[in-house]
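**Student:** entry.txt is reproduced below (compact mmCIF, C-alpha atoms).
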# COMPACT_ATOMS: atom_id res chain seq x y z
CA MET R 1 3.13 45.04 -48.99
CA ILE R 2 1.43 42.49 -46.79
CA SER R 3 -0.55 43.97 -43.92
CA PRO R 4 0.71 42.93 -40.46
CA PHE R 5 -2.89 42.78 -39.25
CA ILE R 6 -5.26 39.87 -39.74
CA ASN R 7 -8.94 39.37 -38.98
CA ILE R 8 -9.86 37.50 -35.80
CA SER R 9 -11.64 34.86 -37.86
CA ILE R 10 -8.86 32.81 -39.44
CA ASN R 11 -9.19 29.55 -41.30
CA PHE R 12 -6.47 27.21 -40.04
CA LYS R 13 -6.32 24.08 -42.16
CA GLY R 14 -4.76 20.83 -41.13
CA TYR R 15 -5.95 20.89 -37.52
CA THR R 16 -9.15 18.87 -37.88
CA ASP R 17 -7.54 15.87 -36.13
CA LYS R 18 -7.45 17.95 -32.93
CA LYS R 19 -11.22 18.35 -32.75
CA MET R 20 -13.35 16.45 -30.26
CA ASN R 21 -16.84 15.37 -31.21
CA LYS R 22 -17.68 14.06 -27.75
CA LEU R 23 -16.23 14.29 -24.24
CA SER R 24 -14.84 10.77 -24.44
CA ASP R 25 -12.48 12.01 -27.20
CA LEU R 26 -10.46 13.94 -24.60
CA SER R 27 -6.77 13.09 -24.99
CA PRO R 28 -3.37 14.85 -24.81
CA ASN R 29 -3.10 15.34 -28.60
CA LYS R 30 -6.53 17.00 -28.67
CA SER R 31 -5.83 19.25 -25.68
CA VAL R 32 -4.15 22.56 -24.94
CA LEU R 33 -3.18 24.04 -21.59
CA VAL R 34 -4.27 27.66 -21.22
CA HIS R 35 -2.62 30.05 -18.77
CA MET R 36 -3.60 33.66 -18.11
CA SER R 37 -0.88 35.91 -16.72
CA ASP R 38 0.42 39.42 -16.13
CA TYR R 39 3.77 38.47 -17.64
CA LEU R 40 5.30 36.99 -20.75
CA PRO R 41 7.27 33.78 -20.21
CA VAL R 42 11.03 34.28 -20.12
CA ASP R 43 12.93 32.25 -22.72
CA GLY R 44 9.85 30.09 -23.22
CA VAL R 45 9.50 29.18 -19.54
CA ILE R 46 6.66 29.92 -17.11
CA LEU R 47 7.94 30.03 -13.53
CA SER R 48 5.88 29.27 -10.45
CA THR R 49 5.16 32.19 -8.10
CA LYS R 50 7.83 30.91 -5.72
CA ASN R 51 10.52 30.64 -8.39
CA ALA R 52 9.56 33.90 -10.08
CA SER R 53 9.67 36.00 -6.91
CA ILE R 54 12.38 34.39 -4.83
CA ASP R 55 15.25 36.47 -6.27
CA LYS R 56 13.36 39.76 -6.38
CA LYS R 57 11.24 40.23 -3.31
CA GLY R 58 11.71 37.16 -1.21
CA LEU R 59 9.02 34.54 -0.87
CA ARG R 60 5.65 36.30 -0.83
CA LYS R 61 3.89 33.04 -1.60
CA VAL R 62 5.07 29.45 -1.25
CA ARG R 63 3.10 28.34 -4.32
CA ASN R 64 5.42 26.33 -6.54
CA THR R 65 2.80 25.22 -9.04
CA VAL R 66 1.79 26.79 -12.36
CA HIS R 67 -1.95 26.59 -13.06
CA PHE R 68 -3.82 26.06 -16.34
CA ALA R 69 -7.26 25.26 -17.67
CA VAL R 70 -7.68 22.61 -20.37
CA ASN R 71 -9.14 23.70 -23.74
CA GLN R 72 -10.53 26.93 -22.31
CA THR R 73 -9.34 29.94 -20.36
CA VAL R 74 -9.80 29.69 -16.63
CA PRO R 75 -13.23 31.17 -15.78
CA PRO R 76 -13.95 33.61 -12.93
CA ASN R 77 -14.16 31.40 -9.88
CA SER R 78 -16.33 31.06 -6.80
CA ILE R 79 -14.10 33.25 -4.60
CA GLY R 80 -14.26 36.19 -6.97
CA LEU R 81 -10.99 35.87 -8.90
CA SER R 82 -11.22 37.07 -12.49
CA TRP R 83 -8.78 36.78 -15.36
CA ASP R 84 -10.58 39.24 -17.64
CA SER R 85 -7.98 41.93 -17.04
CA LYS R 86 -4.91 39.77 -17.65
CA PRO R 87 -2.77 41.07 -20.54
CA VAL R 88 -1.26 37.72 -21.53
CA GLY R 89 -2.90 34.44 -22.56
CA ILE R 90 -0.77 31.35 -23.29
CA ILE R 91 -2.02 28.36 -25.30
CA ALA R 92 0.32 25.35 -25.13
CA PRO R 93 -0.31 21.94 -26.76
CA LEU R 94 -0.60 19.41 -23.94
CA ASP R 95 1.22 16.64 -25.77
CA GLY R 96 4.16 19.00 -26.29
CA VAL R 97 4.14 20.08 -22.65
CA LEU R 98 4.31 16.44 -21.57
CA LEU R 99 7.36 15.89 -23.77
CA ASN R 100 9.11 19.09 -22.65
CA ASN R 101 8.74 18.70 -18.89
CA PRO R 102 9.75 16.08 -16.28
CA LYS R 103 6.97 13.61 -15.60
CA LYS R 104 7.39 14.09 -11.84
CA ASN R 105 6.38 17.74 -12.27
CA ILE R 106 3.02 16.96 -13.91
CA ILE R 107 0.80 17.02 -10.81
CA GLY R 108 -2.77 17.03 -12.19
CA GLY R 109 -6.01 18.40 -10.80
CA GLN R 110 -9.15 19.10 -12.82
CA PRO R 111 -9.83 20.46 -16.34
CA GLN R 112 -10.47 23.95 -14.96
CA ASP R 113 -7.42 23.84 -12.67
CA PHE R 114 -4.54 21.70 -13.89
CA TYR R 115 -1.16 22.32 -12.29
CA ILE R 116 2.48 21.58 -12.99
CA LYS R 117 5.25 21.93 -10.41
CA ASP R 118 8.14 24.42 -10.37
CA ARG R 119 8.27 25.60 -13.98
CA VAL R 120 6.79 24.86 -17.38
CA ASN R 121 8.93 24.64 -20.51
CA LEU R 122 6.65 25.69 -23.35
CA PRO R 123 6.78 23.50 -26.48
CA GLU R 124 6.90 24.51 -30.13
CA GLY R 125 3.41 25.36 -31.34
CA THR R 126 2.64 27.48 -28.28
CA VAL R 127 0.64 30.63 -29.04
CA ILE R 128 0.93 33.69 -26.81
CA VAL R 129 -1.79 36.34 -26.98
CA ARG R 130 -0.86 39.67 -25.48
CA TYR R 131 -2.50 43.07 -25.20
CA SER R 132 -1.32 46.00 -27.31
CA ASN R 133 -3.21 49.27 -27.75
CA ARG R 134 -1.40 49.77 -31.06
CA VAL R 135 -3.49 47.10 -32.76
CA PRO R 136 -6.86 48.19 -34.25
CA ARG R 137 -9.92 46.78 -32.49
CA GLY R 138 -11.16 43.56 -34.06
CA LYS R 139 -7.75 42.80 -35.57
CA LEU R 140 -4.81 40.63 -34.59
CA LYS R 141 -1.14 41.28 -35.25
CA ILE R 142 1.46 38.53 -35.64
CA VAL R 143 4.73 39.52 -33.97
CA ASN R 144 8.17 37.97 -34.41
CA PRO R 145 9.09 36.64 -30.92
CA ASN R 146 12.78 37.26 -31.62
CA LYS R 147 12.04 40.99 -31.46
CA ILE R 148 10.88 40.66 -27.85
CA ASP R 149 13.77 40.61 -25.37
CA CYS R 150 12.43 37.91 -23.05
CA LEU R 151 11.59 35.62 -26.00
CA LYS R 152 14.76 35.97 -28.09
CA ASN R 153 16.01 32.53 -27.12
CA THR R 154 12.80 30.69 -27.97
CA LYS R 155 11.89 28.55 -30.94
CA GLY R 156 8.53 27.74 -32.47
CA LEU R 157 6.44 30.18 -30.42
CA LYS R 158 3.84 32.43 -32.02
CA ILE R 159 2.99 35.88 -30.65
CA ILE R 160 -0.41 37.44 -31.35
CA GLU R 161 -1.21 41.00 -30.27
CA THR R 162 -4.70 42.42 -29.75
CA SER R 163 -6.36 45.48 -28.29
CA ASP R 164 -9.48 43.48 -27.50
CA ASN R 165 -10.07 41.52 -24.29
CA VAL R 166 -7.15 39.08 -24.12
CA ARG R 167 -9.11 36.37 -22.36
CA ASN R 168 -11.86 36.42 -25.01
CA VAL R 169 -9.36 36.42 -27.86
CA THR R 170 -7.47 33.53 -26.23
CA ASN R 171 -10.70 31.54 -25.95
CA ASN R 172 -11.46 32.23 -29.62
CA TYR R 173 -7.95 31.32 -30.68
CA ILE R 174 -8.22 27.88 -29.09
CA GLU R 175 -10.88 27.10 -31.67
CA GLU R 176 -9.00 28.88 -34.47
CA LEU R 177 -6.12 26.49 -33.84
CA GLY R 178 -8.49 23.59 -34.47
CA TYR R 179 -9.11 22.51 -30.87
CA THR R 180 -12.53 22.10 -29.25
CA ARG R 181 -13.52 24.25 -26.29
CA LEU R 182 -14.13 21.79 -23.45
CA ASP R 183 -16.69 23.98 -21.70
CA LYS R 184 -18.69 24.30 -24.93
CA LEU R 185 -18.54 20.57 -25.62
CA TYR R 186 -19.73 19.78 -22.10
CA ALA R 187 -22.60 22.27 -22.43
CA LYS R 188 -23.56 20.69 -25.75
CA GLU R 189 -23.72 17.17 -24.29
CA ALA R 190 -25.54 18.44 -21.20
CA SER R 191 -27.93 20.63 -23.24
CA LEU R 192 -27.01 23.63 -21.10
CA PRO R 193 -27.79 27.18 -22.29
CA ASN R 194 -24.90 29.50 -23.22
CA GLU R 195 -25.00 31.32 -19.89
CA TYR R 196 -23.52 28.21 -18.25
CA VAL R 197 -20.66 27.74 -20.69
CA ASP R 198 -17.86 30.08 -19.59
CA ILE R 199 -18.25 29.69 -15.83
CA ASP R 200 -16.42 28.08 -12.94
CA ILE R 201 -18.00 24.73 -12.08
CA GLU R 202 -18.11 25.33 -8.31
CA LYS R 203 -19.50 28.82 -8.84
CA ARG R 204 -22.12 27.46 -11.25
CA ASN R 205 -23.18 24.65 -8.91
CA SER R 206 -23.69 27.07 -6.00
CA ASP R 207 -25.68 29.54 -8.09
CA MET R 208 -29.36 29.65 -7.10
CA ASN R 209 -30.45 30.27 -10.69
CA TYR R 210 -28.59 27.14 -11.79
CA LYS R 211 -30.16 25.10 -8.99
CA GLN R 212 -33.56 26.34 -10.11
CA TYR R 213 -32.68 25.47 -13.70
CA LEU R 214 -31.85 21.91 -12.63
CA LEU R 215 -35.18 21.58 -10.82
CA ASN R 216 -37.08 22.69 -13.92
CA SER R 217 -34.89 20.96 -16.47
CA LYS R 218 -36.41 18.27 -18.65
CA ASP R 219 -32.92 17.15 -19.65
CA ILE R 220 -31.53 16.44 -16.19
CA ASN R 221 -30.39 13.00 -17.38
CA LYS R 222 -28.28 14.67 -20.07
CA ILE R 223 -26.57 16.77 -17.41
CA ILE R 224 -25.93 13.73 -15.24
CA THR R 225 -24.60 11.79 -18.24
CA ALA R 226 -22.36 14.68 -19.30
CA ASP R 227 -20.95 14.90 -15.76
CA ILE R 228 -20.18 11.18 -15.79
CA ASN R 229 -18.67 11.32 -19.28
CA LEU R 230 -16.38 14.25 -18.44
CA LYS R 231 -15.28 12.67 -15.16
CA GLN R 232 -14.54 9.37 -16.89
CA ALA R 233 -12.73 11.01 -19.81
CA TRP R 234 -10.58 13.00 -17.39
CA GLN R 235 -9.78 9.92 -15.31
CA ASN R 236 -8.89 7.98 -18.46
CA MET R 237 -6.46 10.70 -19.51
CA ALA R 238 -5.02 10.78 -15.97
CA ASN R 239 -4.42 7.04 -16.19
CA VAL R 240 -2.67 7.38 -19.55
CA VAL R 241 -0.54 10.41 -18.66
CA GLY R 242 0.04 9.48 -15.03
CA PHE R 243 -1.24 12.57 -13.23
CA LYS R 244 -3.46 12.77 -10.13
CA VAL R 245 -7.11 13.80 -9.98
CA TYR R 246 -8.00 16.13 -7.11
CA LYS R 247 -11.40 17.68 -6.50
CA ASN R 248 -9.67 21.08 -6.49
CA HIS R 249 -6.32 22.58 -5.59
CA GLN R 250 -7.39 23.07 -1.98
CA THR R 251 -7.78 19.30 -1.49
CA SER R 252 -4.30 18.54 -2.85
CA PRO R 253 -1.28 18.43 -0.52
CA TYR R 254 0.10 21.38 -2.51
CA GLY R 255 -2.92 23.56 -1.80
CA LYS R 256 -3.10 22.47 1.84
CA SER R 257 0.58 23.26 2.38
CA GLU R 258 0.06 26.74 0.91
CA PHE R 259 -2.91 27.38 3.20
CA LEU R 260 -0.88 26.12 6.15
CA ILE R 261 1.73 28.82 5.59
CA ASP R 262 -0.97 31.43 4.97
CA SER R 263 -2.65 30.49 8.25
CA VAL R 264 0.54 30.57 10.33
CA ASN R 265 1.33 33.94 8.76
CA LEU R 266 -2.19 35.11 9.54
CA LEU R 267 -1.83 33.99 13.15
CA ALA R 268 1.50 35.80 13.45
CA LYS R 269 -0.17 39.03 12.38
CA TYR R 270 -3.19 38.46 14.64
CA ASN R 271 -1.62 37.91 18.06
CA ASN R 272 1.60 35.99 17.34
CA SER R 273 0.64 33.36 19.90
CA TRP R 274 -0.13 29.67 19.55
CA GLU R 275 -3.00 29.94 22.05
CA ASP R 276 -6.24 31.88 22.35
CA LYS R 277 -9.78 31.60 23.70
CA ILE R 278 -13.18 31.60 22.01
CA SER R 279 -16.73 31.70 23.33
CA THR R 280 -19.09 28.89 22.36
CA PHE R 281 -22.76 28.58 23.25
CA ASN R 282 -23.57 25.62 25.50
CA VAL R 283 -27.01 24.27 24.58
CA PHE R 284 -27.34 22.51 27.93
CA THR R 285 -26.54 25.45 30.21
CA GLN R 286 -27.83 28.06 27.71
CA LYS R 287 -24.71 30.08 28.46
CA ASP R 288 -21.45 30.88 26.70
CA ASP R 289 -18.48 28.68 27.55
CA VAL R 290 -14.90 29.87 27.17
CA VAL R 291 -12.86 27.33 25.25
CA LYS R 292 -9.08 27.38 24.94
CA ILE R 293 -7.61 27.04 21.44
CA ASN R 294 -4.28 25.38 20.74
CA TYR R 295 -3.37 26.45 17.21
CA LYS R 296 -0.05 24.64 17.37
CA LYS R 297 -1.85 21.34 17.86
CA ASP R 298 -4.22 22.14 14.97
CA PHE R 299 -1.33 22.97 12.64
CA LEU R 300 0.55 19.81 13.55
CA ASN R 301 -2.57 17.74 12.83
CA VAL R 302 -2.85 19.41 9.42
CA ILE R 303 0.78 18.60 8.66
CA ASP R 304 0.13 14.95 9.49
CA THR R 305 -2.82 14.82 7.07
CA ILE R 306 -0.74 16.45 4.31
CA THR R 307 2.14 14.04 4.91
CA ALA R 308 -0.21 11.05 4.74
CA ASP R 309 -1.43 12.21 1.33
CA LEU R 310 2.04 12.54 -0.20
CA GLN R 311 3.52 9.82 -2.36
CA PRO R 312 7.04 8.51 -1.57
CA ASN R 313 9.68 11.08 -2.64
CA GLU R 314 6.97 13.63 -3.52
CA GLU R 315 8.19 17.11 -2.62
CA LEU R 316 6.23 20.25 -1.80
CA SER R 317 7.50 23.83 -2.07
CA TYR R 318 9.18 23.57 1.33
CA ASN R 319 10.30 20.83 3.70
CA LEU R 320 7.14 19.96 5.60
CA GLU R 321 8.87 17.88 8.28
CA LYS R 322 11.32 20.68 9.04
CA PHE R 323 8.46 23.14 9.27
CA LYS R 324 6.73 20.75 11.67
CA ASP R 325 9.87 20.76 13.83
CA ASN R 326 9.92 24.56 13.60
CA ILE R 327 6.36 24.81 14.88
CA ILE R 328 7.09 22.42 17.75
CA SER R 329 10.24 24.25 18.84
CA SER R 330 9.09 27.85 18.24
CA GLN R 331 7.60 30.05 20.94
CA SER R 332 5.55 32.00 18.41
CA PRO R 333 4.17 31.66 14.85
CA GLN R 334 6.52 34.40 13.62
CA GLU R 335 9.53 32.50 14.96
CA ALA R 336 8.44 29.42 13.01
CA LEU R 337 8.10 31.51 9.83
CA ASP R 338 11.49 33.14 10.37
CA LYS R 339 13.13 29.73 10.70
CA LEU R 340 11.46 28.61 7.47
CA ALA R 341 12.68 31.75 5.70
CA GLN R 342 16.23 31.17 6.94
CA GLU R 343 16.23 27.52 5.86
CA GLN R 344 14.88 28.40 2.42
CA LYS R 345 17.29 31.37 2.17
CA ILE R 346 14.45 33.79 1.53
CA LYS R 347 13.20 36.99 3.05
CA PRO R 348 10.67 36.59 5.89
CA MET R 349 7.08 36.75 4.79
CA GLY R 350 5.79 40.30 5.13
CA GLU R 351 2.44 39.98 3.46
CA ASP R 352 -0.53 41.80 4.98
CA ILE R 353 -3.29 39.20 4.99
CA GLY R 354 -6.70 40.74 5.53
CA LYS R 355 -5.30 43.66 7.58
CA ILE R 356 -5.72 41.73 10.81
CA ARG R 357 -6.16 44.00 13.83
CA LYS R 358 -5.42 43.18 17.44
CA ASN R 359 -9.06 43.60 18.41
CA THR R 360 -10.30 41.02 15.87
CA PRO R 361 -12.67 38.67 17.74
CA ALA R 362 -11.00 35.33 18.38
CA ASN R 363 -14.10 33.48 17.21
CA LYS R 364 -14.02 35.19 13.82
CA PHE R 365 -10.30 34.66 13.46
CA TYR R 366 -10.53 30.98 14.38
CA ASP R 367 -13.27 30.50 11.79
CA THR R 368 -11.01 32.07 9.18
CA ILE R 369 -8.16 29.69 9.89
CA SER R 370 -10.54 26.74 10.13
CA SER R 371 -11.84 27.60 6.68
CA LEU R 372 -8.35 27.96 5.24
CA LEU R 373 -7.08 24.67 6.56
CA ASP R 374 -10.35 22.74 6.43
CA PHE R 375 -9.75 21.33 9.90
CA PHE R 376 -13.11 19.62 10.09
CA ASN R 377 -13.11 17.97 6.69
CA MET R 378 -9.67 16.51 6.25
CA ALA R 379 -10.82 13.50 4.22
CA ASN R 380 -9.13 13.32 0.83
CA SER R 381 -11.83 14.40 -1.63
CA ARG R 382 -10.68 13.01 -4.95
Would you mind writing the file out in structure tokens?
**Tutor:**
Amino acid sequence: MISPFINISINFKGYTDKKMNKLSDLSPNKSVLVHMSDYLPVDGVILSTKNASIDKKGLRKVRNTVHFAVNQTVPPNSIGLSWDSKPVGIIAPLDGVLLNNPKKNIIGGQPQDFYIKDRVNLPEGTVIVRYSNRVPRGKLKIVNPNKIDCLKNTKGLKIIETSDNVRNVTNNYIEELGYTRLDKLYAKEASLPNEYVDIDIEKRNSDMNYKQYLLNSKDINKIITADINLKQAWQNMANVVGFKVYKNHQTSPYGKSEFLIDSVNLLAKYNNSWEDKISTFNVFTQKDDVVKINYKKDFLNVIDTITADLQPNEELSYNLEKFKDNIISSQSPQEALDKLAQEQKIKPMGEDIGKIRKNTPANKFYDTISSLLDFFNMANSR
């Protein structure tokens, strides 16, 4: 009888053509999209947060994009999010994803945050790693997807179970499938030590130890060259595939539109008014001045910047122009949100953001919204 368990180290033959020897080798047929999740895909489809939750709980988030990292699992990022506890890791060949999904849905981004709109139809050759405490440590178990209810109607998917850390196993499995870890290849070209391999780029660049390492590095030119090579390779693939390159999700119209809703929701929970006052220090009088805030005006300006960044016929997760009209015509932020919920045929947003209290200082609150919407740096950072 053949054992259902296999060692983590597996020799897959026939995948050598998927390896990259240098960053400039980056291409769709040498790339996989990696997605960490709490849930298995249903019938081979990953739904965006909006589509997945709209029928169950109403719209808790307006995010209609599904996010991946390329040739690596998404690393813990600069705002503290970690995927180490996720029970499901999905590895999907990029060339297959491009064939299985509408081109208009392939948005783009960066290698550590690549996003596709609405839903993602997983292609044959996709590997799903999921946690199971029934599997011995250090072993993997191959499972027939047809025995899993939500995967009965799929074809060509492979299910691997593990009791080890799913994110680590998923990272290892990328290489077992014959692909090259992009973070490792970058570190090799940049001559970076291992501690800077599996790490979010923004988090790494803001780390004081990394800044000190750069100051003392004798191979700073290698780091600069690796940065240029990765940026150029990514842009080349964007040109071939036809996706957009954004500095990060927050600088894309999709991210900005999400933060817009979050901020209006935050304001509704704070004082549910479009106006407030803050104290600012006047350097000339050496006294505090009281300044009136018009949040409605700020939000409308943000909508204009998002609209200017959209391509013709490009759609977000909600009608931005209608929401603009809602803000103009509504007496309060909550009224604007209720109108949006009615138009989208969803439940009103009831999310508790930051447990805002009525006595929150206006200055602190305004800084929070300013940070979310990036009022003072609206230039398109691509």
**Student:** With a distance cut-off of 7 Å and only C-alpha atoms, select the neighbouring residues of Val129 (chain R), excluding the residue or stretch itself and same-chain residues fewer than 4 positions from it, and output the selection as a ChimeraX atom specification.
**Tutor:** /R:88-90,159-161,166,170
**Student:** Which residue, R:Val42, R:Val127, R:Val241, R:Val62, has the smallest gap to Ile148 (chain R) when you use only C-alpha atoms?
**Tutor:**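 The shortest atom-to-atom distance to Ile148 (chain R) comes from R:Val42.
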**Student:** For the atom pair CA of Asn216 (chain R) and CA of Gln112 (chain R), what is the interatomic distance in Å to one decimal place?
**Tutor:**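 These atoms are spaced 26.7 Å apart.
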**Student:** Just give me the gap between CA of Asp95 (chain R) and CA of Pro28 (chain R) in Å, one decimal is fine.
**Tutor:** 5.0 Å
**Student:** One decimal, Å: what's the distance from CA of Val169 (chain R) over to CA of Pro145 (chain R), could you say?
**Tutor:** 18.7 Å
**Student:** Which is closest to Arg119 (chain R) among R:Ile174, R:Arg167, R:Thr49, R:Val70, if we use all atoms listed in the file?
**Tutor:**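 Closest to Arg119 (chain R), using all atoms listed in the file: R:Thr49.
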**Student:** Name the closest residue to Leu47 (chain R) among the candidates R:Asn101, R:Val120, R:Phe68, R:Lys292; distances are taken between atoms, counting only C-alpha atoms.
**Tutor:**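 Closest residue, counting only C-alpha atoms: R:Val120.
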**Student:** Between R:Lys203, R:His249, R:Tyr39, R:Asp183, single out the one closest to Leu151 (chain R), counting only C-alpha atoms.
**Tutor:**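 Among R:Lys203, R:His249, R:Tyr39, R:Asp183, it is R:Tyr39 that comes nearest to Leu151 (chain R).
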**Student:** Show which residues sit within 10 Å of Pro102 (chain R), as an NGL selection string. Count all atoms listed in the file, and ignore same-chain residues fewer than 4 positions away.
**Tutor:** :R and (97-98 or 106 or 116-117 or 119-121)
**Student:** Got a sec: who's within 9 Å of region 299-301 of chain R, counting all atoms listed in the file, leaving out chain neighbours fewer than 4 positions off, as a list in words?
**Tutor:**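 Skipping anything fewer than 4 positions along the chain leaves Leu260, Ser263, Val264, Asn294, Tyr295, Thr305, Ile306, Lys324, Ile327, Ile328, Leu373 and Phe375 of chain R.
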**Student:** Between R:Ala341, R:Leu182, R:Leu320, R:Val240, which is the closest to Lys22 (chain R) once you count all atoms listed in the file?
**Tutor:**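 Residue with the minimum atom-to-atom distance to Lys22 (chain R): R:Leu182.
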**Student:** List the residues sitting within 7 Å of (-17.5, 29.4, -23.4) in the file's frame, using only C-alpha atoms, as a list in words.
**Tutor:**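 Returned residue set, sorted by chain then number, is Asp183, Lys184, Val197 and Asp198 of chain R.
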**Student:** Point out the residue among R:Ser24, R:Lys339, R:Tyr186, R:Tyr270 with the least atom-to-atom distance to Ile199 (chain R), counting all atoms listed in the file.
**Tutor:**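 Using all atoms listed in the file, Ile199 (chain R) sits closest to R:Tyr186.
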**Student:** Quick one: residues within 8 Å of Gly96 (chain R), all atoms listed in the file counted, chain neighbours fewer than 4 positions away excluded, as a PyMOL selection string?
**Tutor:** chain R and resi 92+100+122-124
